[in-house]
Structure formats: C-alpha cells, structure tokens
Amino acid sequence: MTTTDPGAQLTPADDASRPVGSAPARSSAATPMHDRVPRWIITSGMTGWLLLGLAGVAAVVLWAVAYTSALVTPFLAAVVLAIVFSPVVDALQRRHIPRLLGSTAVLLGILAFTVFFAWAIGKSLVDEAPHIAAELKAALGTLTTWLTDLGLDTSSATRATSAASAAGTSTTSVLLGGIFSGLRGLSSILFMVFIGSVIFLFMLLNGRRYAIWTAGRSGLAPAVINPIMADCGSAIRGYFRGTTIIAASNAVPVALAAWLLDVPLVGTIALVTFITAYVPFFGAIIAGVFVCFIASARRGSPPR
C-alpha cells in the first residue's frame with residue numbers, strides 16, 4: 001500500500017488531472033486569522049480604539065489646562081486684550097508718546113475701570129440690601145393676601161408663604177457662602193491679575209515681534225500665514241467693536257427707563273448692563289436680575 005506524503009508538492013501531471021476551473025485545495029489552517037473575520041468588525045474595532053485614544057488625549061489636555069488654569073486663563077485674556085488695545089497704543093505712539101508709557105497708561109486704565117466696576121456693584125448691593133429685604137417681606141404679605149382671596153384658608157396661605165420665605169433664606173445663605181468663598185480665593189485672583197497684567201504689558205510692547213516669531217515657526221510661507229494672522233486680529237477687534245456698540249445700545253435705553261421710573265443707582269444699572277453685554281447669553285440674564293433687585297428696593301428707599 002502506498003502512502004501519500006502530505007507535504008509533497010503537486011506535479012504537473014496532478015495539475016493536468018484536476019478538473020478545469022477548480023482551485024487548488026487550501027487548508028483552513030493556512031488561512032490567516034484576520035481573513036476569516038468580517039471586514040466591518042475590523043473597521044469597528046479600529047474606529048473604537050481611535051476614539052478611545054482621542055478621548056484619552058482630550059482628557060489629558062483638559063486636565064493640564066485645569067491644572068494650569070492660573071496661568072492659562074490670564075495668558076489667553078492678556079493676548080485677546082492686547083490684540084484689542086494694540087491700535088490704541090499705536091495711535092499714542094504716532095503722537096510721539098513712548099510705547100512703554102502708552103502701554104502702561106492703557107494697562108492702568110483697564111485696572112482702574114475694573115476696580116471701579118467692582119466697587120460700584122458691591123456698594124450698590126450693600127446700600128440697597130435693607131430695602132430689598134423690606135420689599136421681599138412686603139411681597140410675602142401681599143402673596144398671603146392673594147392666596148386667601150383665591151380660596152385658601154389663612155393657615156394654609158401662611159404656611160405657603162413661610163415655605164417660600166425659608167427657601168429664599170436658604171438660597172441667600174448659599175449665595176453669601178459662595179461670595180465669602182470667593183473672597184477667600186482673593187489671593188488666587190490677585191495672582192492671576194498680576195500675571196495677566198505682566199503678559200498684557202509685554203504683548204503691547206512686543207506684540208509684532210512675537211507675531212513675526214510665531215509666523216516664522218509655523219512652517220507656512222509668509223504670503224500664507226501673514227494674511228491669516230492679520231485676519232484673526234481684525235476679526236477679534238471687530239467682534240469687540242460690534243459688542244461695544246450693542247452694549248451701548250442696551251445700556252442707554254435701560255438707564256433712561258430707570259431714570260424715568262425713578263429707580264435708584266441709575267449709573268450702576270447702566271454700567272452693569274454695559275459690561276454684562278460682553279458675556280454671551282448669560283449677560284442679559286445677569287443684568288436683568290440685577291436691575292430687578294435694585295428696582296424692587298424702590299418703594300423702601302427714601303425719596304431723592
């Protein structure tokens with residue numbers, strides 16, 4: 001009996017004896033593993049690992065930004081403000097004012113405006129807090145009367161208004177706790193202001209030099225990168241220019257209406273409305289709440 005060597009190669013005679021159109025026999029063990037896996041499973045697996053890697057990179061970047069927020073936040077703010085106010089320093093320099101002096105004047109002006117804004121808001125809240133509290137108590141009494149007129153008994157109406165008063169007291173305590181917590185972090189804020197001021201001053205003094213350095217290391221031709229950087233600066237300045245126009249168009253009617261209605265602190269209301277216009281979406285809500293609180297103290301304040 002003859003045995004067939006499984007490793008023996010096929011001879012031309014064996015190929016001739018095979019039926020026409022039939023493929024050579026191929027064992028399943030010789031087929032690679034990935035050839036037997038459907039293509040969509042391989043694609044899905046590769047896509048999943050890619051998304052997982054991107055999520056990991058994003059998490060690391062966000063963690064690094066959060067960990068270094070005390071440096072990243074003032075740096076970004078300083079760069080944006082330097083782009084916005086650099087034309088002012090250029091105009092002062094054209095009037096033969098040294099660039100260092102002009103940059104320092106712009107920086108001191110921004111800091112003075114920020115301090116004045118914070119002082120005006122704090123003073124208005126402190127001055128009007130007793131009148132606001134009196135108006136809230138009066139409003140609770142009025143609410144009790146309305147509930148009684150709607151058919152509720154006096155005890156139920158009193159319990160409802162007492163619950164509302166307790167909720168308001170709890171909310172006020174949480175708000176004051178947040179304010180005092182923010183005051184405890186004042187040192188961090190001052191550090192960020194100091195770092196941002198230094199970066200802002202250097203950006204005003206050497207902004208063009210930094211732009212040339214960045215363009216030279218971007219890997220792009222000057223004819224490509226220079227218009228891009230110029231358009232970015234123009235877009236940022238245009239955004240703030242348009243926002244300033246909108247802020248003024250909001251602050252003037254609000255201040256005029258407050259003056260006609262004899263609402264106190266018209267200047268502070270106009271200032272808050274103007275500044276919060278730079279905050280997208282939430283700025284209008286913040287300004288509206290502030291104006292409502294000040295206006296609610298109108299009846300409790302002495303006549304002017």
# chains A, B, ... in the order shown; residues from 1 in each chain; ligands from 1
>>> residues_around(residues="region 228-237 of chain A", least_positions_apart="3", cutoff="7 Å", atoms="only C-alpha atoms", output="PyMOL selection string")
chain A and resi 83-84+224-225+240-241
>>> write_last_selection(atoms="C-alpha atoms", output="tab-separated table (two decimals), in the first residue's frame")
chain	number	residue	atom	x	y	z
A	83	ILE	CA	-4.98	92.39	20.24
A	84	VAL	CA	-7.94	94.66	21.04
A	224	VAL	CA	0.06	82.46	3.61
A	225	ILE	CA	0.50	82.91	7.36
A	240	PHE	CA	-15.37	93.57	20.40
A	241	ARG	CA	-16.21	96.67	18.37
>>> residues_around(residues="Ala251 (chain A)", least_positions_apart="5", cutoff="9 Å", atoms="only C-alpha atoms", output="number ranges by chain")
A: 246, 256, 269-275, 277
>>> atom_distance(atom1="CA of Arg208 (chain A)", atom2="CA of Tyr239 (chain A)")
20.9 Å
>>> residues_around(residues="Ala78 (chain A)", least_positions_apart="6", cutoff="10 Å", atoms="only C-alpha atoms", output="list in words")
Val72, Val84, Val193, Ile195, Gly196, Ser197, Val198, Ile199, Phe200, Leu201, Phe202, Met203 and Leu204 of chain A
>>> atom_distance(atom1="CA of Leu81 (chain A)", atom2="CA of Leu107 (chain A)")
9.9 Å
>>> atom_distance(atom1="CA of Gly267 (chain A)", atom2="CA of Val89 (chain A)")
28.7 Å
>>> closest_residue(among="A:Ala248, A:Leu76, A:Ile285, A:Ala295", to="Pro264 (chain A)", atoms="only C-alpha atoms")
A:Ala295
